[in-house]
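Structure data follow from structure-v7.pdb (PDB, C-alpha atoms and all ligand atoms):
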```pdb
ATOM      1  CA  MET A  75     -27.612  89.981  29.672  1.00  0.00           C
ATOM      2  CA  SER A  76     -24.064  88.800  30.228  1.00  0.00           C
ATOM      3  CA  ALA A  77     -20.825  90.415  31.205  1.00  0.00           C
ATOM      4  CA  GLY A  78     -20.407  94.089  30.426  1.00  0.00           C
ATOM      5  CA  LEU A  79     -23.293  94.520  28.030  1.00  0.00           C
ATOM      6  CA  PRO A  80     -26.518  96.364  28.748  1.00  0.00           C
ATOM      7  CA  GLN A  81     -29.619  94.963  27.113  1.00  0.00           C
ATOM      8  CA  HIS A  82     -31.228  98.164  25.936  1.00  0.00           C
ATOM      9  CA  ILE A  83     -29.219 101.082  24.719  1.00  0.00           C
ATOM     10  CA  ASP A  84     -29.925 104.527  23.357  1.00  0.00           C
ATOM     11  CA  VAL A  85     -27.734 104.320  20.275  1.00  0.00           C
ATOM     12  CA  ARG A  86     -27.770 108.032  19.467  1.00  0.00           C
ATOM     13  CA  ARG A  87     -26.850 108.955  23.002  1.00  0.00           C
ATOM     14  CA  PHE A  88     -24.099 106.344  22.941  1.00  0.00           C
ATOM     15  CA  ALA A  89     -22.830 107.861  19.707  1.00  0.00           C
ATOM     16  CA  GLU A  90     -22.792 111.334  21.194  1.00  0.00           C
ATOM     17  CA  LEU A  91     -20.842 110.087  24.181  1.00  0.00           C
ATOM     18  CA  GLU A  92     -18.556 108.056  21.901  1.00  0.00           C
ATOM     19  CA  ARG A  93     -19.077 105.036  24.049  1.00  0.00           C
ATOM     20  CA  ARG A  94     -17.414 101.712  23.566  1.00  0.00           C
ATOM     21  CA  LEU A  95     -19.141  98.520  24.553  1.00  0.00           C
ATOM     22  CA  GLU A  96     -17.125  95.442  25.182  1.00  0.00           C
ATOM     23  CA  GLY A  97     -18.307  92.219  26.670  1.00  0.00           C
ATOM     24  CA  GLU A  98     -19.714  88.847  25.990  1.00  0.00           C
ATOM     25  CA  ILE A  99     -23.081  87.248  25.727  1.00  0.00           C
ATOM     26  CA  SER A 100     -24.127  83.679  26.000  1.00  0.00           C
ATOM     27  CA  PRO A 101     -25.532  82.074  22.837  1.00  0.00           C
ATOM     28  CA  GLN A 102     -28.234  80.627  25.096  1.00  0.00           C
ATOM     29  CA  ASP A 103     -29.512  84.171  25.487  1.00  0.00           C
ATOM     30  CA  CYS A 104     -30.115  84.347  21.745  1.00  0.00           C
ATOM     31  CA  PRO A 105     -33.179  82.234  21.025  1.00  0.00           C
ATOM     32  CA  ARG A 106     -33.188  82.763  17.260  1.00  0.00           C
ATOM     33  CA  LEU A 107     -29.511  81.942  16.962  1.00  0.00           C
ATOM     34  CA  SER A 108     -29.900  78.922  19.228  1.00  0.00           C
ATOM     35  CA  GLN A 109     -32.578  77.613  16.891  1.00  0.00           C
ATOM     36  CA  ALA A 110     -30.412  78.043  13.841  1.00  0.00           C
ATOM     37  CA  ILE A 111     -27.376  76.226  15.196  1.00  0.00           C
ATOM     38  CA  LYS A 112     -26.643  72.793  16.556  1.00  0.00           C
ATOM     39  CA  ALA A 113     -24.517  73.986  19.464  1.00  0.00           C
ATOM     40  CA  SER A 114     -22.250  76.827  20.450  1.00  0.00           C
ATOM     41  CA  GLU A 115     -18.634  76.831  21.509  1.00  0.00           C
ATOM     42  CA  GLY A 116     -18.041  79.456  24.149  1.00  0.00           C
ATOM     43  CA  PRO A 117     -19.517  82.906  24.532  1.00  0.00           C
ATOM     44  CA  ILE A 118     -20.107  85.487  21.831  1.00  0.00           C
ATOM     45  CA  LEU A 119     -17.567  88.269  22.091  1.00  0.00           C
ATOM     46  CA  VAL A 120     -18.723  91.753  21.322  1.00  0.00           C
ATOM     47  CA  ALA A 121     -16.770  94.969  20.826  1.00  0.00           C
ATOM     48  CA  LEU A 122     -18.689  97.950  19.490  1.00  0.00           C
ATOM     49  CA  ASP A 123     -17.720 101.581  19.102  1.00  0.00           C
ATOM     50  CA  PHE A 124     -20.345 104.278  18.889  1.00  0.00           C
ATOM     51  CA  GLU A 125     -19.515 107.590  17.340  1.00  0.00           C
ATOM     52  CA  LYS A 126     -20.991 110.621  15.736  1.00  0.00           C
ATOM     53  CA  GLN A 127     -19.508 111.447  12.363  1.00  0.00           C
ATOM     54  CA  SER A 128     -18.773 115.020  11.322  1.00  0.00           C
ATOM     55  CA  GLY A 129     -21.935 115.146   9.217  1.00  0.00           C
ATOM     56  CA  GLY A 130     -23.966 114.336  12.302  1.00  0.00           C
ATOM     57  CA  ARG A 131     -24.622 110.715  11.483  1.00  0.00           C
ATOM     58  CA  SER A 132     -24.434 108.227  14.326  1.00  0.00           C
ATOM     59  CA  VAL A 133     -22.569 105.051  13.502  1.00  0.00           C
ATOM     60  CA  VAL A 134     -21.746 101.797  15.215  1.00  0.00           C
ATOM     61  CA  SER A 135     -18.674  99.864  14.224  1.00  0.00           C
ATOM     62  CA  GLY A 136     -16.822  96.930  15.640  1.00  0.00           C
ATOM     63  CA  ASN A 137     -16.800  93.216  15.740  1.00  0.00           C
ATOM     64  CA  ILE A 138     -18.954  90.349  16.921  1.00  0.00           C
ATOM     65  CA  HIS A 139     -17.338  86.969  17.157  1.00  0.00           C
ATOM     66  CA  GLY A 140     -18.672  83.563  18.050  1.00  0.00           C
ATOM     67  CA  ARG A 141     -18.046  79.928  17.310  1.00  0.00           C
ATOM     68  CA  VAL A 142     -20.962  77.670  16.560  1.00  0.00           C
ATOM     69  CA  VAL A 143     -21.546  74.104  15.489  1.00  0.00           C
ATOM     70  CA  LEU A 144     -23.661  73.309  12.459  1.00  0.00           C
ATOM     71  CA  ASP A 145     -24.323  70.191  10.402  1.00  0.00           C
ATOM     72  CA  CYS A 146     -21.954  69.837   7.481  1.00  0.00           C
ATOM     73  CA  GLN A 147     -24.154  69.637   4.413  1.00  0.00           C
ATOM     74  CA  ARG A 148     -21.775  67.247   2.678  1.00  0.00           C
ATOM     75  CA  CYS A 149     -21.075  64.589   5.316  1.00  0.00           C
ATOM     76  CA  LEU A 150     -23.780  65.513   7.860  1.00  0.00           C
ATOM     77  CA  GLU A 151     -21.236  65.456  10.696  1.00  0.00           C
ATOM     78  CA  PRO A 152     -20.931  68.475  13.029  1.00  0.00           C
ATOM     79  CA  VAL A 153     -18.754  71.265  11.716  1.00  0.00           C
ATOM     80  CA  SER A 154     -17.421  74.095  13.847  1.00  0.00           C
ATOM     81  CA  ILE A 155     -17.866  77.478  12.182  1.00  0.00           C
ATOM     82  CA  ASP A 156     -16.188  80.729  13.093  1.00  0.00           C
ATOM     83  CA  LEU A 157     -18.646  83.589  12.902  1.00  0.00           C
ATOM     84  CA  GLN A 158     -16.860  86.873  12.410  1.00  0.00           C
ATOM     85  CA  CYS A 159     -19.101  89.848  11.919  1.00  0.00           C
ATOM     86  CA  ASP A 160     -17.607  93.170  11.038  1.00  0.00           C
ATOM     87  CA  VAL A 161     -20.178  95.658  12.125  1.00  0.00           C
ATOM     88  CA  SER A 162     -20.551  98.920  10.282  1.00  0.00           C
ATOM     89  CA  LEU A 163     -23.933 100.446  10.863  1.00  0.00           C
ATOM     90  CA  GLY A 164     -25.396 103.842  10.199  1.00  0.00           C
ATOM     91  CA  ILE A 165     -28.222 104.720  12.536  1.00  0.00           C
ATOM     92  CA  VAL A 166     -31.266 106.020  10.691  1.00  0.00           C
ATOM     93  CA  ASP A 167     -34.892 106.830  11.448  1.00  0.00           C
ATOM     94  CA  SER A 168     -36.530 105.348   8.381  1.00  0.00           C
ATOM     95  CA  GLU A 169     -36.169 103.236   5.234  1.00  0.00           C
ATOM     96  CA  THR A 170     -35.956 106.426   3.205  1.00  0.00           C
ATOM     97  CA  GLU A 171     -33.060 107.649   5.257  1.00  0.00           C
ATOM     98  CA  ALA A 172     -31.483 104.200   5.046  1.00  0.00           C
ATOM     99  CA  GLU A 173     -31.273 104.506   1.264  1.00  0.00           C
ATOM    100  CA  LEU A 174     -29.152 107.624   1.601  1.00  0.00           C
ATOM    101  CA  LEU A 175     -26.405 105.833   3.512  1.00  0.00           C
ATOM    102  CA  PRO A 176     -23.033 105.352   1.832  1.00  0.00           C
ATOM    103  CA  ASP A 177     -22.231 101.827   0.664  1.00  0.00           C
ATOM    104  CA  ASP A 178     -19.900 101.055   3.544  1.00  0.00           C
ATOM    105  CA  LEU A 179     -22.676 101.434   6.105  1.00  0.00           C
ATOM    106  CA  ASP A 180     -25.554  99.068   6.654  1.00  0.00           C
ATOM    107  CA  PRO A 181     -28.681 100.710   8.003  1.00  0.00           C
ATOM    108  CA  LEU A 182     -29.774 100.279  11.562  1.00  0.00           C
ATOM    109  CA  ILE A 183     -33.264 101.666  11.764  1.00  0.00           C
ATOM    110  CA  ALA A 184     -33.671 102.623  15.373  1.00  0.00           C
ATOM    111  CA  GLY A 185     -35.984 104.547  17.623  1.00  0.00           C
ATOM    112  CA  ASP A 186     -34.699 105.888  20.909  1.00  0.00           C
ATOM    113  CA  GLU A 187     -33.610 102.554  22.211  1.00  0.00           C
ATOM    114  CA  ILE A 188     -32.517  99.342  20.642  1.00  0.00           C
ATOM    115  CA  ASP A 189     -32.294  95.867  22.033  1.00  0.00           C
ATOM    116  CA  LEU A 190     -28.580  95.181  21.867  1.00  0.00           C
ATOM    117  CA  ARG A 191     -29.091  91.445  21.994  1.00  0.00           C
ATOM    118  CA  GLU A 192     -31.374  91.612  18.955  1.00  0.00           C
ATOM    119  CA  LEU A 193     -28.720  93.546  17.086  1.00  0.00           C
ATOM    120  CA  ILE A 194     -26.015  91.034  17.973  1.00  0.00           C
ATOM    121  CA  GLU A 195     -28.274  88.165  17.025  1.00  0.00           C
ATOM    122  CA  ASP A 196     -29.200  89.747  13.685  1.00  0.00           C
ATOM    123  CA  GLU A 197     -25.541  90.181  12.801  1.00  0.00           C
ATOM    124  CA  LEU A 198     -24.676  86.606  13.757  1.00  0.00           C
ATOM    125  CA  LEU A 199     -27.603  85.180  11.813  1.00  0.00           C
ATOM    126  CA  LEU A 200     -26.489  87.111   8.744  1.00  0.00           C
ATOM    127  CA  ALA A 201     -23.003  85.654   9.135  1.00  0.00           C
ATOM    128  CA  LEU A 202     -24.201  82.053   9.218  1.00  0.00           C
ATOM    129  CA  PRO A 203     -23.148  80.183   6.092  1.00  0.00           C
ATOM    130  CA  ILE A 204     -26.081  79.142   3.907  1.00  0.00           C
ATOM    131  CA  VAL A 205     -24.451  75.787   3.190  1.00  0.00           C
ATOM    132  CA  PRO A 206     -22.068  74.886   6.021  1.00  0.00           C
ATOM    133  CA  VAL A 207     -19.381  72.366   5.024  1.00  0.00           C
ATOM    134  CA  HIS A 208     -16.021  71.264   6.399  1.00  0.00           C
ATOM    135  CA  ASP A 209     -13.030  72.958   4.790  1.00  0.00           C
ATOM    136  CA  GLN A 210     -11.807  69.541   3.823  1.00  0.00           C
ATOM    137  CA  CYS A 211     -14.687  67.184   3.787  1.00  0.00           C
ATOM    138  CA  ASP A 212     -14.763  63.583   2.669  1.00  0.00           C
ATOM    139  CA  PRO A 213     -18.327  62.482   2.192  1.00  0.00           C
ATOM    140  CA  PRO A 214     -19.211  59.130   3.822  1.00  0.00           C
ATOM    141  CA  ALA A 215     -19.265  57.392   0.428  1.00  0.00           C
ATOM    142  CA  ALA A 216     -15.564  58.084  -0.022  1.00  0.00           C
ATOM    143  CA  LEU A 217     -14.753  57.074   3.556  1.00  0.00           C
ATOM    144  CA  SER A 218     -16.356  53.655   3.145  1.00  0.00           C
ATOM    145  CA  GLY A 219     -14.037  52.808   0.257  1.00  0.00           C
ATOM    146  CA  GLU A 220     -11.039  50.556   0.891  1.00  0.00           C
ATOM    147  CA  GLY A 221      -8.274  53.072   0.511  1.00  0.00           C
ATOM    148  CA  HIS A 222      -6.765  54.298  -2.702  1.00  0.00           C
ATOM    149  CA  ASP A 223      -7.126  50.976  -4.499  1.00  0.00           C
ATOM    150  CA  ALA A 224     -10.882  51.283  -4.259  1.00  0.00           C
ATOM    151  CA  GLU A 225     -11.001  53.991  -6.898  1.00  0.00           C
ATOM    152  CA  LEU A 226     -13.740  53.447  -9.359  1.00  0.00           C
ATOM    153  CA  PRO A 227     -12.565  51.980 -12.638  1.00  0.00           C
ATOM    154  CA  GLU A 228     -12.833  54.415 -15.478  1.00  0.00           C
ATOM    155  CA  ARG A 229     -16.189  53.968 -17.065  1.00  0.00           C
ATOM    156  CA  GLU A 230     -16.234  52.895 -20.641  1.00  0.00           C
ATOM    157  CA  ASN A 231     -17.684  55.331 -23.044  1.00  0.00           C
ATOM    158  CA  PRO A 232     -21.105  53.828 -23.889  1.00  0.00           C
ATOM    159  CA  PHE A 233     -20.678  54.849 -27.526  1.00  0.00           C
ATOM    160  CA  ALA A 234     -17.401  53.007 -27.725  1.00  0.00           C
ATOM    161  CA  VAL A 235     -19.180  49.895 -26.468  1.00  0.00           C
ATOM    162  CA  LEU A 236     -21.861  50.387 -29.079  1.00  0.00           C
ATOM    163  CA  ALA A 237     -19.272  50.800 -31.796  1.00  0.00           C
ATOM    164  CA  SER A 238     -17.498  47.584 -30.811  1.00  0.00           C
ATOM    165  CA  LEU A 239     -20.819  45.740 -30.831  1.00  0.00           C
ATOM    166  CA  LYS A 240     -21.493  47.010 -34.310  1.00  0.00           C
ATOM    167  CA  LYS A 241     -18.073  45.890 -35.381  1.00  0.00           C
ATOM    168  CA  ASP A 242     -18.619  42.402 -33.962  1.00  0.00           C
ATOM    169  CA  THR A 243     -21.925  41.909 -35.720  1.00  0.00           C
ATOM    170  CA  ARG A 244     -20.651  43.238 -38.989  1.00  0.00           C
ATOM    171  CA  PRO A 245     -20.099  40.432 -41.461  1.00  0.00           C
ATOM    172  CA  SER A 246     -16.407  39.765 -41.860  1.00  0.00           C
ATOM    173  CA  GLY A 247     -14.820  40.785 -45.090  1.00  0.00           C
ATOM    174  CA  ASP A 248     -17.029  43.838 -45.415  1.00  0.00           C
ATOM    175  CA  GLU A 249     -15.395  47.037 -46.601  1.00  0.00           C
ATOM    176  CA  ASP A 250     -14.343  49.014 -43.530  1.00  0.00           C
ATOM    177  CA  GLU A 251     -15.836  52.275 -44.650  1.00  0.00           C
ATOM    178  CA  PHE A 252     -17.124  53.260 -41.190  1.00  0.00           C
ATOM    179  CA  GLU A 253     -13.784  53.860 -39.596  1.00  0.00           C
TER     180      GLU A 253
HETATM  181 ZN    ZN A 301     -18.229  67.421   6.250  1.00  0.00          ZN
END
```

What would the structure in this file look like if it were written as structure tokens?
Amino acid sequence: MSAGLPQHIDVRRFAELERRLEGEISPQDCPRLSQAIKASEGPILVALDFEKQSGGRSVVSGNIHGRVVLDCQRCLEPVSIDLQCDVSLGIVDSETEAELLPDDLDPLIAGDEIDLRELIEDELLLALPIVPVHDQCDPPAALSGEGHDAELPERENPFAVLASLKKDTRPSGDEDEFE
């Protein structure tokens, strides 16, 4: 585990002690994340606060931030994506308890210890865009055009073409009752 971050932590104990964890972790240490991305840009920065709320519930809040490279799904070129995860977790023992959490807390079902790296990785994976694209992306088809003059001519309405054909084949002198 990288700078300042333990790998396994007792979340409830951390909450009781109101600990703050700050540090960074290398994306290479996150095998599932590494698989899901093309490359990473710099370390993942982590800042997490543990606290015990007045009702006795242990919570983890903070931020996980990393920058990764994915394939743009429009142009297929690499696109750099900022992953910002706002963490707001309520620590619970079970699914049943998880359902009782208020809406602003996501459940973290935990035993005595959790693997901090797993937690960080889960949050980052959730923050990955389903369809990564550049903010302003010109697909290759548009790039291969010859500037603004290469705009496609407006397509003729096929029905208009049909109508003009009809008109041409119509014997001249006929009453124009179709117009
Ligand atoms: Zn793109």

**Report entry** Result set of the PyMOL selection byres (((chain A and resi 192) around 10) and not hetatm) on the coordinates above, as a VMD selection string
**Finding:** chain A and resid 81 to 82 104 to 106 188 to 191 193 to 198

Query raised in the report: Any chance you could work out the residue set of the PyMOL selection byres (((not hetatm)) within 12 of (chain A and resi 301)) here, as a list in words?
Result: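 After applying the PyMOL selection byres (((not hetatm)) within 12 of (chain A and resi 301)), what remains is Val143, Leu144, Asp145, Cys146, Gln147, Arg148, Cys149, Leu150, Glu151, Pro152, Val153, Ser154, Ile155, Val205, Pro206, Val207, His208, Asp209, Gln210, Cys211, Asp212, Pro213, Pro214, Ala215, Ala216 and Leu217 of chain A.
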
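Among A:Pro101, A:Glu171, A:Ser114, A:Ala121, the residue with the shortest atom-to-atom distance to Leu79 (chain A), counting all atoms listed in the file, is A:Ala121.
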
Report task. For the point (-35.9, 103.8, 13.7) in the file's frame, write as an NGL selection string all residues with an atom no more than 7 Å away, counting all atoms listed in the file. Result -> :A and (166-168 or 183-185)

Query raised in the report: Just so the selection is clear, what residues does the PyMOL selection byres (((chain A and resi 138) around 9) and not hetatm) cover here, as an MDAnalysis selection string?
Result: chainID A and resid 118:122 136:137 139:140 157:161 194 197:198

Report task. Have a look at CA of Asp84 (chain A) and CA of Val134 (chain A) and let me know their distance in Å, one decimal. Result ->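 Atom-to-atom, CA of Asp84 (chain A) to CA of Val134 (chain A), that is 11.9 Å.
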
Report summary line: Shortest contact to Gly78 (chain A), candidates A:Leu95, A:Val133, A:Ala110, A:Val142, atoms counted only C-alpha atoms, goes to A:Leu95

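Across the model, the gap from CA of Ser132 (chain A) to CA of Glu90 (chain A) is 7.7 Å.
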
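CA of Leu107 (chain A) is found 10.2 Å from CA of Leu200 (chain A).
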
Requested in this report: Rank nothing, just name the residue among A:Gln127, A:Gln109, A:Ser162, A:Thr170 nearest to Ala89 (chain A), using all atoms listed in the file.
Outcome: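 Answer, going by the shortest atom-to-atom distance: A:Gln127.
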
Kindly provide, as JSON, the centre and edge lengths (Å, one decimal) of an axis-aligned box around all atoms of region 143-160 of chain A given in the file, with 4 Å on each side.
```
{"center_x": -20.3, "center_y": 78.9, "center_z": 9.1, "size_x": 16.1, "size_y": 36.6, "size_z": 20.8}
```

Render region 91-114 of chain A from the structure in the preceding block as a file of N, CA, C and O atoms, as a CSV table (one decimal), in the first residue's frame.
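Output contents, as saved in decode38.csv:
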```csv
chain,number,residue,atom,x,y,z
A,91,LEU,N,-12.4,6.7,17.0
A,91,LEU,CA,-11.3,7.6,17.2
A,91,LEU,C,-11.3,8.8,16.3
A,91,LEU,O,-10.4,9.7,16.4
A,92,GLU,N,-12.4,8.9,15.5
A,92,GLU,CA,-12.5,10.0,14.5
A,92,GLU,C,-11.2,10.3,13.7
A,92,GLU,O,-10.7,11.4,13.6
A,93,ARG,N,-10.8,9.2,13.2
A,93,ARG,CA,-9.5,9.3,12.4
A,93,ARG,C,-9.8,9.9,11.0
A,93,ARG,O,-10.8,9.8,10.5
A,94,ARG,N,-8.7,10.4,10.5
A,94,ARG,CA,-8.7,10.9,9.2
A,94,ARG,C,-7.6,10.2,8.4
A,94,ARG,O,-6.4,10.1,8.9
A,95,LEU,N,-7.9,9.7,7.3
A,95,LEU,CA,-6.9,9.1,6.5
A,95,LEU,C,-6.6,9.9,5.2
A,95,LEU,O,-7.6,10.3,4.5
A,96,GLU,N,-5.4,10.2,5.0
A,96,GLU,CA,-5.1,11.0,3.8
A,96,GLU,C,-3.8,10.3,3.2
A,96,GLU,O,-2.9,10.0,3.9
A,97,GLY,N,-3.9,10.2,1.9
A,97,GLY,CA,-2.7,9.6,1.2
A,97,GLY,C,-3.0,9.3,-0.2
A,97,GLY,O,-4.0,9.8,-0.8
A,98,GLU,N,-2.1,8.5,-0.8
A,98,GLU,CA,-2.3,8.2,-2.2
A,98,GLU,C,-2.0,6.7,-2.4
A,98,GLU,O,-1.3,6.1,-1.7
A,99,ILE,N,-2.6,6.2,-3.5
A,99,ILE,CA,-2.3,4.8,-3.8
A,99,ILE,C,-2.1,4.8,-5.3
A,99,ILE,O,-2.7,5.6,-6.1
A,100,SER,N,-1.3,3.9,-5.7
A,100,SER,CA,-1.0,3.7,-7.1
A,100,SER,C,-2.1,2.9,-7.8
A,100,SER,O,-2.5,1.9,-7.3
A,101,PRO,N,-2.5,3.4,-9.0
A,101,PRO,CA,-3.5,2.6,-9.7
A,101,PRO,C,-3.1,1.2,-10.0
A,101,PRO,O,-3.9,0.3,-10.1
A,102,GLN,N,-1.7,1.0,-10.1
A,102,GLN,CA,-1.2,-0.3,-10.4
A,102,GLN,C,-1.5,-1.3,-9.2
A,102,GLN,O,-1.5,-2.5,-9.4
A,103,ASP,N,-1.8,-0.7,-8.0
A,103,ASP,CA,-2.1,-1.6,-6.9
A,103,ASP,C,-3.6,-2.0,-6.9
A,103,ASP,O,-4.1,-2.7,-6.0
A,104,CYS,N,-4.3,-1.5,-7.9
A,104,CYS,CA,-5.8,-1.8,-8.0
A,104,CYS,C,-6.0,-2.7,-9.3
A,104,CYS,O,-6.3,-2.1,-10.3
A,105,PRO,N,-5.9,-4.0,-9.1
A,105,PRO,CA,-6.0,-4.8,-10.3
A,105,PRO,C,-7.3,-4.7,-11.1
A,105,PRO,O,-7.3,-4.7,-12.3
A,106,ARG,N,-8.4,-4.6,-10.4
A,106,ARG,CA,-9.7,-4.5,-11.1
A,106,ARG,C,-9.8,-3.2,-11.8
A,106,ARG,O,-10.3,-3.1,-12.9
A,107,LEU,N,-9.3,-2.1,-11.2
A,107,LEU,CA,-9.4,-0.8,-11.9
A,107,LEU,C,-8.4,-0.8,-13.1
A,107,LEU,O,-8.8,-0.4,-14.2
A,108,SER,N,-7.3,-1.4,-12.9
A,108,SER,CA,-6.3,-1.5,-14.0
A,108,SER,C,-6.8,-2.2,-15.2
A,108,SER,O,-6.6,-1.8,-16.3
A,109,GLN,N,-7.7,-3.2,-14.9
A,109,GLN,CA,-8.3,-3.9,-16.0
A,109,GLN,C,-9.3,-3.1,-16.8
A,109,GLN,O,-9.5,-3.3,-18.0
A,110,ALA,N,-10.0,-2.2,-16.0
A,110,ALA,CA,-11.1,-1.5,-16.6
A,110,ALA,C,-10.6,-0.2,-17.4
A,110,ALA,O,-11.4,0.4,-18.1
A,111,ILE,N,-9.4,0.2,-17.2
A,111,ILE,CA,-8.9,1.4,-17.8
A,111,ILE,C,-7.8,1.1,-18.8
A,111,ILE,O,-7.2,0.0,-18.8
A,112,LYS,N,-7.5,2.1,-19.6
A,112,LYS,CA,-6.4,1.9,-20.6
A,112,LYS,C,-5.1,2.3,-19.9
A,112,LYS,O,-4.1,1.6,-20.1
A,113,ALA,N,-5.1,3.3,-19.2
A,113,ALA,CA,-3.9,3.8,-18.4
A,113,ALA,C,-4.3,4.7,-17.3
A,113,ALA,O,-5.5,5.1,-17.2
A,114,SER,N,-3.4,5.1,-16.5
A,114,SER,CA,-3.7,6.0,-15.4
A,114,SER,C,-2.8,7.2,-15.5
A,114,SER,O,-1.7,7.1,-16.0
```
